[in-house]
>>> print(open('my_file_36.tsv').read())   # TSV, C-alpha atoms
chain	number	residue	atom	x	y	z
J	154	ALA	CA	-28.77	0.18	0.78
J	155	ASP	CA	-30.08	-3.26	0.00
J	156	GLY	CA	-27.78	-6.09	-1.06
J	157	ASN	CA	-28.71	-5.86	-4.76
J	158	GLU	CA	-27.81	-2.18	-4.96
J	159	ALA	CA	-24.48	-2.75	-3.22
J	160	GLU	CA	-23.69	-5.72	-5.49
J	161	SER	CA	-24.07	-3.56	-8.58
J	162	PHE	CA	-21.05	-1.52	-7.43
J	163	PHE	CA	-18.82	-4.53	-6.79
J	164	ILE	CA	-17.13	-3.98	-10.17
J	165	PHE	CA	-15.52	-0.84	-8.71
J	166	VAL	CA	-13.48	-3.00	-6.33
J	167	ILE	CA	-11.18	-4.03	-9.20
J	168	PRO	CA	-10.05	-0.54	-10.30
J	169	ILE	CA	-9.72	0.60	-6.69
J	170	ALA	CA	-7.58	-2.45	-5.88
J	171	VAL	CA	-5.39	-1.86	-8.95
J	172	ILE	CA	-4.93	1.82	-8.10
J	173	TYR	CA	-4.16	0.93	-4.48
J	174	ALA	CA	-1.54	-1.58	-5.69
J	175	PHE	CA	0.06	1.13	-7.86
J	176	ILE	CA	0.13	3.51	-4.90
J	177	ASN	CA	1.92	0.87	-2.82
J	178	TYR	CA	4.32	0.21	-5.70
J	179	LEU	CA	5.08	3.94	-5.99
J	180	PHE	CA	5.66	4.07	-2.24
J	181	SER	CA	8.28	1.32	-2.50
J	182	TYR	CA	9.77	3.00	-5.57
J	183	SER	CA	10.00	6.38	-3.81
J	184	SER	CA	11.76	4.83	-0.81
J	185	ILE	CA	14.67	3.98	-3.11
J	186	PHE	CA	15.22	7.73	-3.43
J	187	LYS	CA	14.76	8.26	0.32
J	188	LEU	CA	11.47	10.06	-0.22
J	189	ILE	CA	9.32	9.00	2.72
J	190	ALA	CA	7.20	11.77	4.28
J	191	VAL	CA	4.94	12.76	1.37
J	192	PRO	CA	4.76	9.19	-0.06
J	193	SER	CA	3.72	7.93	3.39
J	194	PHE	CA	0.84	10.39	3.29
J	195	PHE	CA	-0.25	9.11	-0.12
J	196	GLN	CA	-0.03	5.52	1.11
J	197	VAL	CA	-2.07	6.00	4.29
J	198	SER	CA	-4.41	8.78	3.12
J	199	ASN	CA	-7.08	6.17	2.41
J	200	LYS	CA	-7.18	5.41	6.12
J	201	LEU	CA	-8.10	9.04	6.72
J	202	PHE	CA	-10.47	9.58	3.81
J	203	THR	CA	-12.40	6.29	3.71
J	204	PRO	CA	-13.82	6.54	7.26
J	205	VAL	CA	-14.98	10.10	6.56
J	206	ILE	CA	-16.84	8.97	3.44
J	207	VAL	CA	-18.36	6.00	5.28
J	208	LEU	CA	-19.55	8.27	8.11
J	209	VAL	CA	-21.07	10.72	5.64
J	210	TYR	CA	-22.89	7.78	4.03
J	211	PHE	CA	-23.89	6.38	7.44
J	212	TYR	CA	-25.59	9.64	8.37
J	213	GLY	CA	-27.54	9.56	5.09
J	214	LEU	CA	-25.92	12.61	3.52
J	215	ILE	CA	-24.93	10.72	0.37
J	216	SER	CA	-26.16	7.60	-1.42
J	217	ILE	CA	-24.26	4.33	-1.88
J	218	LYS	CA	-23.67	5.32	-5.51
J	219	GLN	CA	-22.12	8.63	-4.47
J	220	THR	CA	-20.04	6.85	-1.83
J	221	VAL	CA	-18.56	4.45	-4.38
J	222	TYR	CA	-17.88	7.24	-6.87
J	223	LEU	CA	-16.22	9.37	-4.18
J	224	LEU	CA	-13.99	6.48	-3.15
J	225	LEU	CA	-12.99	5.82	-6.77
J	226	PHE	CA	-12.37	9.54	-7.33
J	227	PHE	CA	-10.24	9.70	-4.18
J	228	TYR	CA	-8.03	6.79	-5.24
J	229	ILE	CA	-7.57	8.22	-8.74
J	230	LEU	CA	-6.72	11.62	-7.24
J	231	ALA	CA	-4.23	10.06	-4.81
J	232	LEU	CA	-2.51	8.13	-7.62
J	233	LEU	CA	-2.31	11.18	-9.89
J	234	SER	CA	-1.02	13.34	-7.02
J	235	PHE	CA	1.63	10.74	-6.25
J	236	LEU	CA	2.73	10.64	-9.91
J	237	ILE	CA	2.86	14.46	-10.07
J	238	TYR	CA	4.91	14.54	-6.86
J	239	LEU	CA	7.44	12.05	-8.24
J	240	HIS	CA	7.54	13.92	-11.55
J	241	LYS	CA	8.27	17.22	-9.78
J	242	LYS	CA	11.05	15.47	-7.84
J	243	ASN	CA	12.38	14.23	-11.22
J	244	LYS	CA	12.14	10.61	-10.09
J	245	LEU	CA	9.89	9.23	-12.81
J	246	HIS	CA	12.02	7.57	-15.43
J	247	TRP	CA	10.41	5.75	-18.32
J	248	ALA	CA	12.34	3.00	-20.05
J	249	ASN	CA	11.64	0.54	-22.81
J	250	PRO	CA	10.25	-2.45	-20.92
J	251	LEU	CA	11.43	-4.86	-23.60
J	252	LYS	CA	15.07	-3.78	-23.19
J	253	THR	CA	14.77	-3.94	-19.41
J	254	PHE	CA	14.08	-7.68	-19.52
J	255	ASP	CA	16.60	-8.66	-22.23
J	256	ASN	CA	18.82	-10.45	-19.71
J	257	ILE	CA	15.99	-12.10	-17.80
J	258	LYS	CA	14.55	-15.40	-18.91
J	259	PRO	CA	10.73	-15.40	-19.09
J	260	VAL	CA	10.55	-18.34	-16.69
J	261	GLU	CA	12.52	-16.38	-14.06
J	262	TYR	CA	10.39	-13.30	-14.60
J	263	PHE	CA	7.07	-15.15	-14.22
J	264	SER	CA	8.41	-17.18	-11.31
J	265	PHE	CA	9.38	-13.98	-9.51
J	266	GLY	CA	5.98	-12.44	-10.27
J	267	PHE	CA	4.10	-15.53	-9.11
J	268	PHE	CA	5.96	-15.73	-5.80
J	269	SER	CA	5.61	-11.97	-5.29
J	270	LEU	CA	1.84	-12.26	-5.72
J	271	LEU	CA	1.78	-15.28	-3.43
J	272	THR	CA	3.71	-13.31	-0.80
J	273	VAL	CA	1.32	-10.35	-0.98
J	274	PHE	CA	-1.69	-12.68	-0.82
J	275	GLY	CA	-0.22	-14.49	2.19
J	276	LYS	CA	0.55	-11.23	3.93
J	277	GLN	CA	-2.96	-9.91	3.38
J	278	MET	CA	-4.46	-13.20	4.60
J	279	THR	CA	-2.41	-13.13	7.79
J	280	LEU	CA	-3.47	-9.53	8.37
J	281	ARG	CA	-7.16	-10.23	7.74
J	282	ILE	CA	-7.79	-13.79	8.91
J	283	ASP	CA	-8.39	-12.61	12.45
J	284	SER	CA	-11.44	-10.68	11.22
J	285	PHE	CA	-12.98	-14.01	10.24
J	286	MET	CA	-11.76	-16.07	13.17
J	287	VAL	CA	-12.82	-13.80	16.05
J	288	PRO	CA	-16.55	-13.73	15.14
J	289	LEU	CA	-16.53	-17.47	14.47
J	290	LEU	CA	-14.89	-18.29	17.79
J	291	PHE	CA	-16.53	-15.58	19.90
J	292	THR	CA	-19.08	-12.90	18.92
J	293	VAL	CA	-19.39	-10.22	16.26
J	294	GLY	CA	-19.22	-7.59	19.02
J	295	MET	CA	-15.89	-8.93	20.18
J	296	ASN	CA	-14.66	-8.63	16.60
J	297	GLY	CA	-15.40	-4.89	16.75
J	298	GLU	CA	-13.45	-4.56	19.99
J	299	TYR	CA	-10.58	-6.57	18.53
J	300	ARG	CA	-10.51	-4.44	15.34
J	301	ILE	CA	-10.23	-1.26	17.45
J	302	ALA	CA	-7.25	-2.68	19.32
J	303	ALA	CA	-5.69	-3.92	16.06
J	304	PHE	CA	-6.20	-0.48	14.48
J	305	MET	CA	-4.46	1.19	17.43
J	306	ALA	CA	-1.55	-1.22	17.09
J	307	GLY	CA	-1.44	-0.43	13.37
J	308	ILE	CA	-1.14	3.29	14.16
J	309	LEU	CA	1.92	2.50	16.25
J	310	LEU	CA	3.47	0.73	13.23
J	311	VAL	CA	3.31	3.82	10.98
J	312	PRO	CA	6.61	5.35	12.21
J	313	PHE	CA	8.29	1.93	12.08
J	314	ARG	CA	7.22	1.38	8.46
J	315	SER	CA	8.52	4.81	7.47
J	316	ILE	CA	11.89	4.15	9.08
J	317	ALA	CA	12.06	0.67	7.57
J	318	ALA	CA	11.20	1.99	4.10
J	319	LEU	CA	13.91	4.62	4.42
J	320	MET	CA	16.53	2.26	5.80
J	321	SER	CA	15.99	-0.69	3.43
J	322	PRO	CA	17.73	0.81	0.37
J	323	MET	CA	20.53	2.22	2.54
J	324	ILE	CA	21.14	-1.16	4.19
J	325	ALA	CA	21.03	-2.91	0.81
J	326	ASN	CA	23.60	-0.46	-0.55
J	327	ALA	CA	25.89	-0.94	2.48
J	328	TRP	CA	25.48	-4.73	2.19
J	329	LYS	CA	26.46	-4.56	-1.47
J	330	LYS	CA	29.63	-2.68	-0.47
J	331	GLU	CA	30.15	-5.18	2.39
J	332	ASP	CA	30.29	-2.26	4.84
J	333	LEU	CA	29.16	-4.01	8.02
J	334	ARG	CA	30.17	-1.09	10.24
J	335	ASP	CA	27.79	1.20	8.34
J	336	ILE	CA	24.98	-1.37	8.71
J	337	GLU	CA	25.66	-1.63	12.42
J	338	LYS	CA	25.59	2.16	12.73
J	339	MET	CA	22.27	2.37	10.83
J	340	TYR	CA	20.69	-0.29	13.06
J	341	HIS	CA	21.97	1.50	16.15
J	342	ASP	CA	20.75	4.91	14.98
J	343	SER	CA	17.33	3.68	13.90
J	344	SER	CA	16.81	1.82	17.18
>>> encode(input="my_file_36.tsv", output="structure tokens")
Amino acid sequence: ADGNEAESFFIFVIPIAVIYAFINYLFSYSSIFKLIAVPSFFQVSNKLFTPVIVLVYFYGLISIKQTVYLLLFFYILALLSFLIYLHKKNKLHWANPLKTFDNIKPVEYFSFGFFSLLTVFGKQMTLRIDSFMVPLLFTVGMNGEYRIAAFMAGILLVPFRSIAALMSPMIANAWKKEDLRDIEKMYHDSS
């Protein structure tokens, strides 16, 4: 596809990014209820599906337009599946958002939101900046080799992230109760 055709689909980046953010939010939300296995699949399924779609496009079996539509369809399907899963587990609870924030001052709310966004942006930059630095300092080919090694390291982090997501609410609860022995036991068991 030429650059002009690809640019016409750039608008699809926004809904895909929003859906991906909701999927990550639902993953964090589900970890509160100690639901990890299925939510982990929903969170990382894009890493399985996206390369397949790109390969199908690469071999000329589908057009760029079909590729973009398939990716958008996949993300919508993943989000809806995640919501259905949480609904079946009876973990979706809707509340009046205005009552939820009665005790929070708007300045505190927006400050929290701003720093949360800043944190996510910083995290994504630290995870992606190497993709820009390696080709600038070395060669584009070395960037490919580096990305393969980084991907393999990322695969090793999947079990760690699942354990961390499961343990975080439990540790927070034990900390709230000031039960240091329970925290020590959880750290020991998870290690």
>>> residues_around(input="my_file_36.tsv", residues="range 190-207 of chain J", least_positions_apart="3", cutoff="7 Å", atoms="all atoms listed in the file", output="list in words")
Ile176, Asn177, Phe180, Tyr210, Phe211, Thr220, Ala231 and Phe235 of chain J
>>> residues_around(input="my_file_36.tsv", residues="Ile324 in chain J", least_positions_apart="2", cutoff="10 Å", atoms="all atoms listed in the file", output="ChimeraX atom specification")
/J:317,319-322,326-330,332-333,335-337,339-340
>>> atom_distance(input="my_file_36.tsv", atom1="CA of Val311 in chain J", atom2="CA of Lys187 in chain J")
16.3 Å
>>> closest_residue(input="my_file_36.tsv", among="J:Ile215, J:Pro312, J:Val273, J:Arg281", to="Tyr299 in chain J", atoms="only C-alpha atoms")
J:Arg281
>>> atom_distance(input="my_file_36.tsv", atom1="CA of Lys242 in chain J", atom2="CA of Leu188 in chain J")
9.4 Å
>>> atom_distance(input="my_file_36.tsv", atom1="CA of His341 in chain J", atom2="CA of Met305 in chain J")
26.5 Å
>>> decode(input="my_file_36.tsv", residues="range 275-303 of chain J", atoms="N, CA, C and O atoms", output="compact mmCIF listing (two decimals), in the first residue's frame")
# COMPACT_ATOMS: atom_id res chain seq x y z
N GLY J 275 4.66 8.07 30.24
CA GLY J 275 6.06 7.83 30.56
C GLY J 275 6.43 6.36 30.44
O GLY J 275 7.50 6.02 29.92
N LYS J 276 5.54 5.50 30.90
CA LYS J 276 5.80 4.06 30.81
C LYS J 276 5.90 3.63 29.36
O LYS J 276 6.82 2.89 28.99
N GLN J 277 4.96 4.08 28.54
CA GLN J 277 4.99 3.71 27.13
C GLN J 277 6.23 4.26 26.43
O GLN J 277 6.82 3.59 25.58
N MET J 278 6.65 5.47 26.79
CA MET J 278 7.85 6.04 26.20
C MET J 278 9.09 5.23 26.57
O MET J 278 9.94 4.97 25.71
N THR J 279 9.18 4.83 27.84
CA THR J 279 10.35 4.05 28.24
C THR J 279 10.36 2.68 27.58
O THR J 279 11.42 2.12 27.32
N LEU J 280 9.15 2.15 27.28
CA LEU J 280 9.10 0.85 26.62
C LEU J 280 9.39 0.95 25.12
O LEU J 280 9.82 -0.02 24.51
N ARG J 281 9.15 2.12 24.53
CA ARG J 281 9.26 2.26 23.08
C ARG J 281 10.45 3.09 22.61
O ARG J 281 10.78 3.07 21.43
N ILE J 282 11.08 3.82 23.49
CA ILE J 282 12.14 4.73 23.05
C ILE J 282 13.31 3.98 22.43
O ILE J 282 13.98 4.50 21.54
N ASP J 283 13.53 2.75 22.88
CA ASP J 283 14.62 1.97 22.31
C ASP J 283 14.41 1.71 20.82
O ASP J 283 15.36 1.60 20.05
N SER J 284 13.15 1.62 20.39
CA SER J 284 12.86 1.40 18.97
C SER J 284 13.32 2.57 18.12
O SER J 284 13.57 2.42 16.92
N PHE J 285 13.40 3.75 18.71
CA PHE J 285 13.88 4.92 17.98
C PHE J 285 15.39 5.08 18.12
O PHE J 285 16.06 5.53 17.19
N MET J 286 15.90 4.74 19.29
CA MET J 286 17.32 4.96 19.55
C MET J 286 18.22 3.98 18.81
O MET J 286 19.27 4.37 18.28
N VAL J 287 17.85 2.69 18.77
CA VAL J 287 18.71 1.69 18.16
C VAL J 287 18.98 2.00 16.69
O VAL J 287 20.14 2.01 16.26
N PRO J 288 17.93 2.29 15.87
CA PRO J 288 18.25 2.60 14.46
C PRO J 288 19.05 3.89 14.29
O PRO J 288 19.85 4.01 13.37
N LEU J 289 18.84 4.86 15.20
CA LEU J 289 19.59 6.11 15.08
C LEU J 289 21.06 5.91 15.43
O LEU J 289 21.94 6.50 14.82
N LEU J 290 21.31 5.06 16.43
CA LEU J 290 22.69 4.84 16.87
C LEU J 290 23.40 3.76 16.06
O LEU J 290 24.62 3.79 15.92
N PHE J 291 22.65 2.79 15.56
CA PHE J 291 23.26 1.68 14.83
C PHE J 291 22.62 1.57 13.44
O PHE J 291 22.74 2.49 12.66
N THR J 292 21.94 0.45 13.17
CA THR J 292 21.28 0.27 11.87
C THR J 292 19.85 -0.20 12.08
O THR J 292 19.50 -0.68 13.16
N VAL J 293 19.06 -0.10 11.04
CA VAL J 293 17.67 -0.56 11.10
C VAL J 293 17.64 -2.07 11.32
O VAL J 293 16.81 -2.60 12.05
N GLY J 294 18.57 -2.79 10.70
CA GLY J 294 18.65 -4.24 10.87
C GLY J 294 18.90 -4.63 12.32
O GLY J 294 18.33 -5.60 12.81
N MET J 295 19.75 -3.87 12.98
CA MET J 295 20.03 -4.16 14.39
C MET J 295 18.78 -3.90 15.24
O MET J 295 18.58 -4.56 16.26
N ASN J 296 17.95 -2.96 14.80
CA ASN J 296 16.70 -2.71 15.51
C ASN J 296 15.81 -3.95 15.46
O ASN J 296 15.17 -4.30 16.45
N GLY J 297 15.76 -4.61 14.31
CA GLY J 297 14.98 -5.84 14.18
C GLY J 297 15.48 -6.92 15.12
O GLY J 297 14.69 -7.60 15.78
N GLU J 298 16.80 -7.07 15.17
CA GLU J 298 17.38 -8.07 16.09
C GLU J 298 17.09 -7.72 17.54
O GLU J 298 16.77 -8.58 18.35
N TYR J 299 17.19 -6.44 17.86
CA TYR J 299 16.91 -6.00 19.22
C TYR J 299 15.44 -6.24 19.58
O TYR J 299 15.13 -6.68 20.69
N ARG J 300 14.52 -5.96 18.65
CA ARG J 300 13.09 -6.14 18.92
C ARG J 300 12.77 -7.61 19.18
O ARG J 300 11.92 -7.93 19.99
N ILE J 301 13.44 -8.53 18.46
CA ILE J 301 13.22 -9.96 18.69
C ILE J 301 13.64 -10.32 20.11
O ILE J 301 12.92 -11.00 20.84
N ALA J 302 14.81 -9.84 20.53
CA ALA J 302 15.27 -10.13 21.89
C ALA J 302 14.35 -9.49 22.93
O ALA J 302 14.02 -10.11 23.95
N ALA J 303 13.90 -8.27 22.67
CA ALA J 303 12.99 -7.59 23.60
C ALA J 303 11.65 -8.33 23.67
O ALA J 303 11.05 -8.45 24.74
